[in-house]
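As structure tokens, the structure follows; a few thoughts come after it.
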Amino acid sequence: MPQRPDPARAAWASAAVRRFAAATNLLVAARTYRIVGGDPRDTAALDALLTGLGARPAESHEPVDQLWCLGDPAESTAAVEREADRPRGATLVVVDAGRYVPAVDEDAFGPVAPARPGVLAVPALSDDVFLVSTGRDPEDDPAAAARIRWARRSMPVSRAVAAELRDGGLLRGTRVGVSMVLEPKTAVLVLLLRDAGAEVVVYAHADETDDAVAQALRDAGVPVHASSTATTAEQKTLALAMLDTRPHVLLDDGSHLVRLAHQERPDLLPTMLGAAEETTSGLRPLRTMAARGTLGIPVVAVNDARSKTFFDNRYGTGQSTVAATLDLVDGLASSAHRVRPGGSAVVAGSGPVGEGVAQVLRAFGFRVTVAEVDPVRALQARFAGSAVAPLVDAVRDADLVMSATGVPDTIDHAVLRAAADGAVVSVAGGVDHEVAVEDALAAGATRVPEAPGVERLTWPDGHHVLLLAGGAGVNTSAAEGNPVEIMDLSFAVQLGAVRMLLEHGDELERAVVPVDPAVDEATARAALAAWGSRSDPPVRPAGHLPDREPDVRTHRFGDPSTDHRP
């Protein structure tokens, strides 16, 4: 049985990988890597973490996606030059994981330029070589344009689908409304739609708006109705202003704008081709509306596409929420919390999001217990290596509690009171009220800021827990969301849904309709090609789609009768 790395080395490897993820917003799973130099015990710790997250060590003849440099700067620099000379189709990210000083001699490469904060481009070697130093603070350059360019270069599948739409002229004269988390990857989707011929207008909720990205889109001529400082009333005004541009197609996240159109702008519905919804929690109320006969447009269920849920929910949300959680914990004094290397973590929910969160937590060295009401999913969690227990029991000794259900009141007041003193509570699901903060306050708890993104909830008897990101989805509230390659897949499916509506919108029912299986297959094959792989030709039709669990926000604007409460 392989030995676990000692806690100090495990903590170093965790910090290095999370610094890479924060600096690049790139995926670890499915990528190839090579580790150069360093203490063999450090190499073993880093290797164990990378493989636990789903990365694969490259064969000696293979080019790599990530070159981790741990040793002598001269040795590492020579390795960088060797890798840069290999024929390859993907970006080489050279990661310096030196403990004390940069392990790569950056001066040896000639002029470098910031590609995004914390990432340096090395044009002297190749336009596809970048340096990321995990041993120093990233360069503080918040320029949104650089972050958008960086995201675009790592979204080949979405670019390819958008190019087909452009070449076919399908989007000319079509107005597309985009209502999603507004960050660099969403900006790429918006600009791809615009460049393919659409008129695009954008709305985003205040908690999900990067103001610099919003301004970059405005500078590019895209109308944006969003502000991170907007009040609740102002947000509704902004959302209605977007709807008043009369979009023909809506791309929605949580179905907020689709439902708002039904409630406040019903005259818009006959002029629309339809909408695409990318979350389970957004699809649920739309299915309720369809069953009641009140859904006035076809809505393509992007979330149910296999090339979305299998990757976005599991690998993207798993990596990004756990990394964002641990990054926030790192900002606390060690005496302020219980989270330690090799400690215990509880995951509430074991759908695709919960499975991904549990996998990543195990890779980071946590002992994981899963709480799941579905006995089949609970059994799956046991087979995957987690303990299984009722939530209120599991949290009593847990250092970290992560909710991955997307269901309101998952972490209810009883669970908060049962949680170990000083436990950290974080949300990967991301619907409103997933943590019962209001119930805690009504019971006499106080809510005091502890550090950026961290609050202390303390009850009159002195019991306390630490709440991250105000109980909102931690990866979008306190970080840059899912990795770029993951959103490339999800947005490619969104673009495929747009094509379905453009070509067949008049024929589709006023219902929630599935994504054409051909969109799934084309998305996956394009991603395999972009990553230098290919699959066998199909021999049978794709199987049925599994059940999905909710994974994002509830409705923010209007009539509660159109909301679903489990």
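Every chain in the structure tokens takes a letter, A first, then B, and so on in the order presented; its residues are numbered from 1, and the ligands are numbered from 1 following the presented order.
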
Subject >> Contacts of stretch 194-208 of chain A within 8 Å, only C-alpha atoms, excl. fewer than 4 positions in-chain, as a count of residues only >> reply: 39

**OP:** Would you kindly return, as a PyMOL selection string, each protein, DNA or RNA residue with an atom no farther than 12 Å from any atom of stretch 377-386 of chain A, considering only C-alpha atoms and excluding same-chain residues fewer than 5 positions away?
**Re:** chain A and resi 344-352+354-363+366-372+391+394+546-549

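If you measure from each of A:Leu191, A:Ala275, A:Val104, A:Ala389 to A:Pro375 using only C-alpha atoms, the closest one turns out to be A:Ala389.
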
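Contact shell of stretch 19-23 of chain A at 8 Å (only C-alpha atoms; same-chain neighbours under 2 positions omitted): A:Ala15, A:Ala16, A:Val17, A:Asn25, A:Leu26, A:Leu27, A:Val28, A:Val95, A:Pro117, A:Gly118, A:Val119, A:Val132, A:Ser133, A:Thr134, A:Pro138, A:Ala323, A:Ala479, A:Glu480.
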
With C-alpha atoms retained, export the selected residues as an mmCIF file, in the first residue's frame.
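out02.cif, freshly written:
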```
data_model
loop_
_atom_site.group_PDB
_atom_site.id
_atom_site.type_symbol
_atom_site.label_atom_id
_atom_site.label_comp_id
_atom_site.auth_asym_id
_atom_site.auth_seq_id
_atom_site.Cartn_x
_atom_site.Cartn_y
_atom_site.Cartn_z
ATOM 1 C CA ALA A 15 -0.777 24.971 -1.940
ATOM 2 C CA ALA A 16 1.219 24.570 -5.180
ATOM 3 C CA VAL A 17 -1.650 22.961 -7.105
ATOM 4 C CA ASN A 25 -8.122 28.909 -14.063
ATOM 5 C CA LEU A 26 -7.146 25.728 -15.922
ATOM 6 C CA LEU A 27 -8.203 22.143 -15.301
ATOM 7 C CA VAL A 28 -6.045 19.510 -13.612
ATOM 8 C CA VAL A 95 4.704 25.499 -13.346
ATOM 9 C CA PRO A 117 -2.338 37.846 -13.590
ATOM 10 C CA GLY A 118 0.286 35.348 -12.447
ATOM 11 C CA VAL A 119 0.975 33.953 -15.929
ATOM 12 C CA VAL A 132 3.346 30.100 -13.776
ATOM 13 C CA SER A 133 5.234 30.596 -10.528
ATOM 14 C CA THR A 134 3.554 28.954 -7.537
ATOM 15 C CA PRO A 138 0.968 36.386 -8.669
ATOM 16 C CA ALA A 323 -9.813 24.910 -4.263
ATOM 17 C CA ALA A 479 -13.074 32.713 -7.256
ATOM 18 C CA GLU A 480 -13.258 32.686 -11.068
#
```

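One finds atom CA of A:Arg259 at 17.6 Å from atom CA of A:Glu234.
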
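Compared by their closest atoms to A:Val498, and using only C-alpha atoms, the residues A:Asp409, A:Asp393, A:Glu59, A:Glu277 rank with A:Glu277 nearest.
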
Just the residues within 8 Å of A:Val299, please, counting only C-alpha atoms, with nothing from its chain fewer than 3 positions along; format it as a short mmCIF file (atom, residue, chain, number, x, y, z; two decimals) with N, CA, C and O atoms, in the first residue's frame.
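What follows is the written file around28.cif:
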```cif
data_model
loop_
_atom_site.label_atom_id
_atom_site.label_comp_id
_atom_site.auth_asym_id
_atom_site.auth_seq_id
_atom_site.Cartn_x
_atom_site.Cartn_y
_atom_site.Cartn_z
N GLY A 274 -36.95 30.69 -28.41
CA GLY A 274 -36.85 29.82 -27.25
C GLY A 274 -35.68 30.20 -26.38
O GLY A 274 -35.10 31.29 -26.51
N ALA A 275 -35.31 29.29 -25.48
CA ALA A 275 -34.24 29.55 -24.52
C ALA A 275 -33.44 28.27 -24.31
O ALA A 275 -33.86 27.17 -24.70
N ALA A 276 -32.29 28.43 -23.68
CA ALA A 276 -31.46 27.29 -23.27
C ALA A 276 -31.11 27.48 -21.80
O ALA A 276 -30.74 28.57 -21.39
N GLU A 277 -31.27 26.43 -21.02
CA GLU A 277 -31.03 26.51 -19.57
C GLU A 277 -29.96 25.49 -19.19
O GLU A 277 -30.06 24.31 -19.53
N ARG A 510 -43.71 23.78 -26.73
CA ARG A 510 -43.55 24.71 -25.61
C ARG A 510 -43.31 23.86 -24.36
O ARG A 510 -44.20 23.63 -23.56
N ALA A 511 -42.11 23.38 -24.24
CA ALA A 511 -41.76 22.43 -23.18
C ALA A 511 -40.25 22.47 -22.97
O ALA A 511 -39.53 23.17 -23.68
N VAL A 512 -39.79 21.71 -21.97
CA VAL A 512 -38.35 21.51 -21.80
C VAL A 512 -37.95 20.37 -22.72
O VAL A 512 -38.44 19.24 -22.59
N VAL A 513 -37.08 20.66 -23.68
CA VAL A 513 -36.73 19.68 -24.70
C VAL A 513 -35.26 19.27 -24.54
O VAL A 513 -34.42 20.07 -24.14
#
```

Subject >> Contact residues around A:Arg287 with only C-alpha atoms at 12 Å, ignoring same-chain residues under 3 positions, as JSON, numbers by chain >> reply: {"A": [255, 259, 277, 280, 281, 282, 283, 284, 290, 291, 292, 293, 294, 295, 296, 297, 298, 299, 300, 301, 510, 511, 512, 513, 514, 562, 563, 564]}

Subject >> Selection: 10 Å around A:Glu507, only C-alpha atoms, excl. self and same-chain fewer than 4 positions, as a PyMOL selection string >> reply: chain A and resi 273+298+501+503

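Computed from the coordinates, the atom CA of A:Leu466 to atom CA of A:Thr279 distance equals 27.7 Å.
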
Original post:
Pick from A:Arg99, A:Arg456, A:Arg525, A:His262: nearest to A:Leu441, with only C-alpha atoms counted?
Top reply: A:Arg456

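Note that atom CA of A:Leu67 and atom CA of A:Val93 are 6.4 Å apart.
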
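Residue neighbourhood of A:Leu46, excluding near-sequence residues (fewer than 2 positions): Arg9, Ala10, Trp12, Ala13, Ser14, Ala16, Val17, Ile35, Arg41, Asp42, Thr43, Ala44, Ala48, Leu49, Leu50 and Thr51 of chain A, at 9 Å, using only C-alpha atoms.
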
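Of all the residues in stretch 177-353 of chain A, the ones DSSP labels as strand (DSSP E or B) from the backbone are Gly177, Val178, Ser179, Leu182, Glu199, Val200, Val201, Val202, Tyr203, Thr209, Val224, His225, Val249, Leu250, Leu251, Asp252, Gly274, Ala275, Ala276, Glu277, Val299, Val300, Ala301, Ser344, Ala345, Val346, Val347 and Ala348 of chain A.
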